[in-house]
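Text of the file structure01.tsv, holding TSV, N, CA and C atoms:
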```
chain	number	residue	atom	x	y	z
A	1	MET	N	93.76	288.51	205.14
A	1	MET	CA	92.68	287.58	205.42
A	1	MET	C	91.52	288.34	206.07
A	2	ALA	N	90.32	288.07	205.63
A	2	ALA	CA	89.13	288.75	206.13
A	2	ALA	C	88.89	288.39	207.60
A	3	TRP	N	88.29	289.33	208.32
A	3	TRP	CA	87.97	289.09	209.72
A	3	TRP	C	86.83	288.08	209.81
A	4	GLU	N	86.86	287.24	210.82
A	4	GLU	CA	85.77	286.29	211.04
A	4	GLU	C	84.64	287.02	211.75
A	5	LEU	N	83.50	287.07	211.09
A	5	LEU	CA	82.33	287.77	211.63
A	5	LEU	C	81.17	286.80	211.72
A	6	ASP	N	80.37	286.94	212.77
A	6	ASP	CA	79.25	286.08	213.05
A	6	ASP	C	77.99	286.63	212.38
A	7	ALA	N	77.31	285.81	211.60
A	7	ALA	CA	76.12	286.24	210.88
A	7	ALA	C	74.93	286.50	211.80
A	8	ASP	N	75.01	286.04	213.05
A	8	ASP	CA	73.89	286.17	213.98
A	8	ASP	C	73.84	287.52	214.69
A	9	ARG	N	74.88	288.34	214.53
A	9	ARG	CA	74.92	289.65	215.21
A	9	ARG	C	75.22	290.73	214.18
A	10	PRO	N	74.81	291.96	214.45
A	10	PRO	CA	75.08	293.03	213.49
A	10	PRO	C	76.58	293.16	213.20
A	11	ILE	N	76.91	293.26	211.94
A	11	ILE	CA	78.32	293.33	211.52
A	11	ILE	C	79.00	294.56	212.11
A	12	TYR	N	78.32	295.71	212.08
A	12	TYR	CA	78.97	296.93	212.57
A	12	TYR	C	79.33	296.80	214.05
A	13	ALA	N	78.47	296.12	214.83
A	13	ALA	CA	78.75	295.94	216.27
A	13	ALA	C	79.99	295.06	216.46
A	14	GLN	N	80.14	294.06	215.61
A	14	GLN	CA	81.32	293.20	215.69
A	14	GLN	C	82.58	293.96	215.29
A	15	LEU	N	82.44	294.86	214.32
A	15	LEU	CA	83.57	295.69	213.92
A	15	LEU	C	83.98	296.62	215.05
A	16	VAL	N	82.99	297.20	215.73
A	16	VAL	CA	83.26	298.07	216.88
A	16	VAL	C	84.05	297.28	217.92
A	17	GLU	N	83.58	296.08	218.25
A	17	GLU	CA	84.25	295.26	219.26
A	17	GLU	C	85.68	294.92	218.84
A	18	ARG	N	85.86	294.58	217.59
A	18	ARG	CA	87.20	294.21	217.10
A	18	ARG	C	88.16	295.40	217.21
A	19	ILE	N	87.72	296.57	216.78
A	19	ILE	CA	88.58	297.75	216.83
A	19	ILE	C	88.83	298.17	218.27
A	20	GLN	N	87.81	298.06	219.12
A	20	GLN	CA	88.00	298.34	220.55
A	20	GLN	C	89.11	297.45	221.11
A	21	LYS	N	89.05	296.16	220.80
A	21	LYS	CA	90.06	295.22	221.29
A	21	LYS	C	91.45	295.61	220.79
A	22	GLU	N	91.52	296.02	219.54
A	22	GLU	CA	92.81	296.40	218.98
A	22	GLU	C	93.35	297.66	219.65
A	23	ILE	N	92.47	298.55	220.06
A	23	ILE	CA	92.91	299.77	220.76
A	23	ILE	C	93.35	299.43	222.17
A	24	VAL	N	92.52	298.71	222.92
A	24	VAL	CA	92.85	298.44	224.33
A	24	VAL	C	94.02	297.47	224.47
A	25	SER	N	94.28	296.65	223.46
A	25	SER	CA	95.40	295.71	223.53
A	25	SER	C	96.72	296.37	223.14
A	26	GLY	N	96.63	297.58	222.58
A	26	GLY	CA	97.85	298.29	222.21
A	26	GLY	C	98.26	298.15	220.76
A	27	LYS	N	97.46	297.44	219.96
A	27	LYS	CA	97.80	297.36	218.53
A	27	LYS	C	97.80	298.77	217.93
A	28	TYR	N	96.80	299.56	218.32
A	28	TYR	CA	96.75	300.97	217.95
A	28	TYR	C	97.03	301.77	219.22
A	29	GLN	N	98.08	302.55	219.21
A	29	GLN	CA	98.50	303.32	220.37
A	29	GLN	C	97.72	304.63	220.48
A	30	PRO	N	97.65	305.20	221.70
A	30	PRO	CA	97.00	306.50	221.86
A	30	PRO	C	97.62	307.54	220.92
A	31	GLY	N	96.76	308.25	220.20
A	31	GLY	CA	97.22	309.27	219.27
A	31	GLY	C	97.60	308.76	217.89
A	32	GLU	N	97.62	307.43	217.72
A	32	GLU	CA	98.01	306.85	216.43
A	32	GLU	C	96.92	307.00	215.39
A	33	LYS	N	97.33	307.26	214.17
A	33	LYS	CA	96.38	307.38	213.06
A	33	LYS	C	95.87	305.99	212.69
A	34	LEU	N	94.56	305.89	212.50
A	34	LEU	CA	93.94	304.63	212.08
A	34	LEU	C	93.94	304.53	210.56
A	35	PRO	N	93.88	303.31	210.04
A	35	PRO	CA	93.71	303.16	208.59
A	35	PRO	C	92.40	303.82	208.15
A	36	SER	N	92.31	304.16	206.89
A	36	SER	CA	91.10	304.78	206.37
A	36	SER	C	89.94	303.79	206.42
A	37	VAL	N	88.72	304.33	206.32
A	37	VAL	CA	87.52	303.49	206.30
A	37	VAL	C	87.63	302.47	205.17
A	38	ARG	N	88.01	302.93	204.00
A	38	ARG	CA	88.10	302.02	202.84
A	38	ARG	C	89.15	300.94	203.05
A	39	ASP	N	90.30	301.33	203.57
A	39	ASP	CA	91.37	300.34	203.78
A	39	ASP	C	90.96	299.29	204.81
A	40	LEU	N	90.40	299.74	205.92
A	40	LEU	CA	90.00	298.80	206.97
A	40	LEU	C	88.81	297.95	206.51
A	41	ALA	N	87.91	298.53	205.73
A	41	ALA	CA	86.79	297.76	205.19
A	41	ALA	C	87.30	296.66	204.26
A	42	ALA	N	88.33	296.97	203.48
A	42	ALA	CA	88.91	295.97	202.58
A	42	ALA	C	89.55	294.83	203.38
A	43	VAL	N	90.25	295.17	204.45
A	43	VAL	CA	90.88	294.16	205.28
A	43	VAL	C	89.83	293.26	205.93
A	44	ALA	N	88.76	293.87	206.41
A	44	ALA	CA	87.69	293.12	207.09
A	44	ALA	C	86.75	292.43	206.12
A	45	ALA	N	86.84	292.81	204.85
A	45	ALA	CA	85.94	292.28	203.81
A	45	ALA	C	84.49	292.65	204.09
A	46	VAL	N	84.27	293.95	204.39
A	46	VAL	CA	82.92	294.45	204.62
A	46	VAL	C	82.70	295.70	203.77
A	47	ASN	N	81.46	296.10	203.67
A	47	ASN	CA	81.11	297.30	202.93
A	47	ASN	C	81.67	298.54	203.65
A	48	PRO	N	82.26	299.48	202.93
A	48	PRO	CA	82.78	300.69	203.58
A	48	PRO	C	81.73	301.44	204.41
A	49	ASN	N	80.47	301.40	203.99
A	49	ASN	CA	79.42	302.06	204.76
A	49	ASN	C	79.25	301.42	206.14
A	50	THR	N	79.42	300.10	206.20
A	50	THR	CA	79.32	299.39	207.47
A	50	THR	C	80.49	299.78	208.37
A	51	MET	N	81.68	299.88	207.79
A	51	MET	CA	82.85	300.29	208.56
A	51	MET	C	82.69	301.74	209.03
A	52	GLN	N	82.12	302.58	208.19
A	52	GLN	CA	81.87	303.98	208.57
A	52	GLN	C	80.94	304.05	209.78
A	53	LYS	N	79.93	303.19	209.79
A	53	LYS	CA	78.99	303.15	210.91
A	53	LYS	C	79.73	302.73	212.19
A	54	ALA	N	80.63	301.77	212.08
A	54	ALA	CA	81.42	301.33	213.24
A	54	ALA	C	82.32	302.47	213.73
A	55	PHE	N	82.96	303.17	212.80
A	55	PHE	CA	83.81	304.30	213.18
A	55	PHE	C	83.00	305.39	213.88
A	56	ALA	N	81.79	305.64	213.39
A	56	ALA	CA	80.93	306.65	214.01
A	56	ALA	C	80.61	306.26	215.45
A	57	GLU	N	80.35	304.99	215.68
A	57	GLU	CA	80.06	304.50	217.03
A	57	GLU	C	81.30	304.65	217.93
A	58	LEU	N	82.46	304.33	217.41
A	58	LEU	CA	83.70	304.47	218.18
A	58	LEU	C	83.99	305.94	218.48
A	59	GLU	N	83.63	306.80	217.56
A	59	GLU	CA	83.82	308.23	217.78
A	59	GLU	C	82.87	308.73	218.87
A	60	ARG	N	81.62	308.25	218.85
A	60	ARG	CA	80.65	308.62	219.89
A	60	ARG	C	81.15	308.18	221.28
A	61	SER	N	81.80	307.02	221.32
A	61	SER	CA	82.30	306.51	222.61
A	61	SER	C	83.55	307.26	223.06
A	62	GLY	N	84.17	308.00	222.14
A	62	GLY	CA	85.37	308.76	222.48
A	62	GLY	C	86.68	308.03	222.22
A	63	LEU	N	86.61	306.76	221.80
A	63	LEU	CA	87.85	306.00	221.57
A	63	LEU	C	88.62	306.48	220.36
A	64	ILE	N	87.92	307.00	219.37
A	64	ILE	CA	88.61	307.58	218.23
A	64	ILE	C	88.17	309.02	218.04
A	65	VAL	N	89.05	309.78	217.43
A	65	VAL	CA	88.83	311.21	217.23
A	65	VAL	C	89.06	311.50	215.76
A	66	THR	N	88.19	312.28	215.15
A	66	THR	CA	88.37	312.66	213.75
A	66	THR	C	89.09	314.00	213.68
A	67	GLN	N	90.19	313.99	212.96
A	67	GLN	CA	90.94	315.21	212.69
A	67	GLN	C	90.58	315.61	211.25
A	68	ARG	N	90.10	316.79	211.04
A	68	ARG	CA	89.61	317.20	209.72
A	68	ARG	C	90.61	316.94	208.60
A	69	THR	N	91.85	317.22	208.84
A	69	THR	CA	92.83	317.11	207.75
A	69	THR	C	93.66	315.84	207.80
A	70	SER	N	93.68	315.15	208.93
A	70	SER	CA	94.57	314.00	209.02
A	70	SER	C	93.86	312.68	209.34
A	71	GLY	N	92.57	312.62	209.14
A	71	GLY	CA	91.85	311.36	209.34
A	71	GLY	C	91.50	311.09	210.79
A	72	ARG	N	91.38	309.83	211.11
A	72	ARG	CA	90.97	309.43	212.46
A	72	ARG	C	92.17	308.91	213.24
A	73	THR	N	92.18	309.26	214.52
A	73	THR	CA	93.24	308.79	215.40
A	73	THR	C	92.61	308.19	216.66
A	74	VAL	N	93.40	307.38	217.34
A	74	VAL	CA	92.99	306.84	218.64
A	74	VAL	C	93.07	307.97	219.65
A	75	THR	N	92.13	308.01	220.57
A	75	THR	CA	92.15	309.03	221.61
A	75	THR	C	93.46	308.96	222.39
A	76	GLU	N	93.85	310.08	222.94
A	76	GLU	CA	95.02	310.11	223.81
A	76	GLU	C	94.62	309.97	225.27
A	77	ASP	N	93.33	309.80	225.52
A	77	ASP	CA	92.79	309.64	226.86
A	77	ASP	C	93.04	308.20	227.33
A	78	THR	N	94.18	307.99	227.99
A	78	THR	CA	94.55	306.64	228.42
A	78	THR	C	93.61	306.11	229.51
A	79	GLU	N	92.99	307.01	230.27
A	79	GLU	CA	92.02	306.57	231.28
A	79	GLU	C	90.79	305.97	230.60
A	80	LEU	N	90.31	306.60	229.53
A	80	LEU	CA	89.17	306.07	228.77
A	80	LEU	C	89.53	304.71	228.16
A	81	ILE	N	90.72	304.60	227.62
A	81	ILE	CA	91.16	303.32	227.05
A	81	ILE	C	91.20	302.25	228.14
A	82	GLY	N	91.73	302.59	229.30
A	82	GLY	CA	91.79	301.64	230.42
A	82	GLY	C	90.40	301.23	230.90
A	83	ASN	N	89.49	302.20	230.99
A	83	ASN	CA	88.11	301.89	231.40
A	83	ASN	C	87.43	300.98	230.39
A	84	THR	N	87.66	301.24	229.11
A	84	THR	CA	87.07	300.40	228.06
A	84	THR	C	87.63	298.99	228.15
A	85	ARG	N	88.92	298.88	228.40
A	85	ARG	CA	89.56	297.57	228.55
A	85	ARG	C	88.93	296.80	229.70
A	86	GLU	N	88.72	297.49	230.81
A	86	GLU	CA	88.12	296.85	231.98
A	86	GLU	C	86.68	296.42	231.70
A	87	GLN	N	85.91	297.26	231.00
A	87	GLN	CA	84.53	296.91	230.65
A	87	GLN	C	84.48	295.69	229.75
A	88	LEU	N	85.38	295.64	228.77
A	88	LEU	CA	85.42	294.48	227.87
A	88	LEU	C	85.78	293.21	228.65
A	89	ALA	N	86.76	293.31	229.53
A	89	ALA	CA	87.17	292.16	230.34
A	89	ALA	C	86.02	291.69	231.23
A	90	ALA	N	85.32	292.63	231.86
A	90	ALA	CA	84.19	292.28	232.72
A	90	ALA	C	83.11	291.55	231.94
A	91	GLY	N	82.86	291.98	230.71
A	91	GLY	CA	81.88	291.29	229.87
A	91	GLY	C	82.29	289.86	229.56
A	92	HIS	N	83.57	289.66	229.27
A	92	HIS	CA	84.06	288.31	229.01
A	92	HIS	C	83.94	287.43	230.26
A	93	ILE	N	84.25	288.00	231.41
A	93	ILE	CA	84.15	287.25	232.66
A	93	ILE	C	82.70	286.87	232.94
A	94	ARG	N	81.77	287.82	232.74
A	94	ARG	CA	80.34	287.52	232.95
A	94	ARG	C	79.89	286.39	232.02
A	95	ASN	N	80.31	286.46	230.76
A	95	ASN	CA	79.93	285.40	229.80
A	95	ASN	C	80.51	284.05	230.22
A	96	PHE	N	81.76	284.06	230.67
A	96	PHE	CA	82.40	282.83	231.13
A	96	PHE	C	81.63	282.24	232.31
A	97	ILE	N	81.33	283.06	233.29
A	97	ILE	CA	80.61	282.58	234.48
A	97	ILE	C	79.24	282.05	234.08
A	98	ASN	N	78.53	282.75	233.23
A	98	ASN	CA	77.21	282.28	232.77
A	98	ASN	C	77.33	280.93	232.07
A	99	ASN	N	78.33	280.78	231.21
A	99	ASN	CA	78.53	279.51	230.49
A	99	ASN	C	78.84	278.38	231.47
A	100	MET	N	79.67	278.65	232.47
A	100	MET	CA	80.02	277.63	233.45
A	100	MET	C	78.80	277.26	234.29
A	101	GLN	N	77.98	278.25	234.64
A	101	GLN	CA	76.77	277.97	235.42
A	101	GLN	C	75.79	277.13	234.61
A	102	GLU	N	75.77	277.34	233.28
A	102	GLU	CA	74.92	276.51	232.42
A	102	GLU	C	75.39	275.06	232.43
A	103	LEU	N	76.69	274.85	232.72
A	103	LEU	CA	77.23	273.50	232.84
A	103	LEU	C	77.00	272.91	234.23
A	104	GLY	N	76.39	273.71	235.12
A	104	GLY	CA	76.07	273.23	236.45
A	104	GLY	C	77.07	273.62	237.53
A	105	TYR	N	78.06	274.41	237.19
A	105	TYR	CA	79.06	274.82	238.18
A	105	TYR	C	78.51	275.95	239.05
A	106	GLN	N	78.86	275.91	240.33
A	106	GLN	CA	78.58	277.00	241.25
A	106	GLN	C	79.81	277.92	241.27
A	107	ARG	N	79.64	279.12	241.79
A	107	ARG	CA	80.75	280.10	241.77
A	107	ARG	C	82.02	279.56	242.42
A	108	GLU	N	81.89	278.92	243.56
A	108	GLU	CA	83.09	278.40	244.24
A	108	GLU	C	83.76	277.31	243.41
A	109	GLU	N	82.97	276.48	242.76
A	109	GLU	CA	83.53	275.44	241.88
A	109	GLU	C	84.26	276.07	240.70
A	110	ILE	N	83.72	277.17	240.19
A	110	ILE	CA	84.37	277.87	239.08
A	110	ILE	C	85.72	278.40	239.54
A	111	ARG	N	85.76	279.01	240.73
A	111	ARG	CA	87.03	279.52	241.28
A	111	ARG	C	88.05	278.39	241.42
A	112	ASN	N	87.60	277.27	241.99
A	112	ASN	CA	88.51	276.14	242.20
A	112	ASN	C	89.02	275.59	240.88
A	113	LEU	N	88.14	275.48	239.90
A	113	LEU	CA	88.54	274.98	238.59
A	113	LEU	C	89.52	275.94	237.94
A	114	PHE	N	89.27	277.22	238.07
A	114	PHE	CA	90.16	278.23	237.51
A	114	PHE	C	91.55	278.10	238.12
A	115	ASP	N	91.61	277.93	239.45
A	115	ASP	CA	92.91	277.77	240.14
A	115	ASP	C	93.60	276.50	239.68
A	116	LYS	N	92.84	275.43	239.49
A	116	LYS	CA	93.41	274.15	239.08
A	116	LYS	C	93.99	274.24	237.66
A	117	VAL	N	93.27	274.90	236.78
A	117	VAL	CA	93.72	275.03	235.38
A	117	VAL	C	94.96	275.90	235.28
A	118	GLN	N	95.06	276.93	236.12
A	118	GLN	CA	96.21	277.83	236.07
A	118	GLN	C	97.47	277.18	236.60
A	119	ALA	N	97.37	276.17	237.43
A	119	ALA	CA	98.55	275.54	238.05
A	119	ALA	C	99.40	274.79	237.06
```

Would you mind writing the structure in this file as structure tokens?
Amino acid sequence: MAWELDADRPIYAQLVERIQKEIVSGKYQPGEKLPSVRDLAAVAAVNPNTMQKAFAELERSGLIVTQRTSGRTVTEDTELIGNTREQLAAGHIRNFINNMQELGYQREEIRNLFDKVQA
């Protein structure tokens, strides 16, 4: 099944985010070989050039490493993976807080609601 992508944002950026999530969540382990650009593009139902652009961005960030003879692998730098995970989580939390504030909630009300929902 093709990945759900939002037409309002650049496709390659959404691919980067999706692959980042798969790396930090453990779907792809440190040192694990990633599917080829063509294979992953087929799964996502996107142009291989778009997937290549996403891979290039992930390589620039250090999350993936290109091995000349064996394709691309996830970095073995677990600290980088952990930092990326924390950055992604912080972004989600900021978005959540902003959305709640748009509903008129103050920070303390958000905390209280969060505690109530978790109970």

Segment 12-24 of chain A: which residues within 9 Å, counting only C-alpha atoms, same-chain residues fewer than 5 positions away excluded, as an MDAnalysis selection string? chainID A and resid 3 5:6 29:30 44 50:55 57:58 63 74 81:82 84:85 88

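You will find atom CA of Leu34 of chain A at 23.1 Å from atom CA of Ala89 of chain A.
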
Distance atom N of Pro10 of chain A-atom CA of Asn47 of chain A, one decimal place?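 Atom-to-atom, atom N of Pro10 of chain A and atom CA of Asn47 of chain A are spaced 14.2 Å apart.
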
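Picture a line from atom N of Asp39 of chain A to atom C of Glu76 of chain A; it runs 23.8 Å.
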
If you run DSSP on the backbone, which residues of chain A are helix (DSSP H, G or I), as a ChimeraX atom specification? /A:11-24,37-44,48-61,78-102,107-118

Edge lengths and centre in Å to one decimal, as JSON, is what I'm after for the box along x, y and z that holds all listed atoms of segment 89-95 of chain A once 4 Å is added on each side.
```
{"center_x": 83.5, "center_y": 288.7, "center_z": 231.0, "size_x": 15.3, "size_y": 17.3, "size_z": 11.9}
```

Just asking: which residues within segment 21-117 of chain A are strand (DSSP E) according to DSSP, as a VMD selection string? chain A and resid 64 to 67 71 to 74

A:Ala56, A:Val46, A:Val37, A:Val65 ranked by distance to Ala2 of chain A, top pick (using only C-alpha atoms):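 Of A:Ala56, A:Val46, A:Val37, A:Val65, the one nearest Ala2 of chain A, counting only C-alpha atoms, is A:Val46.
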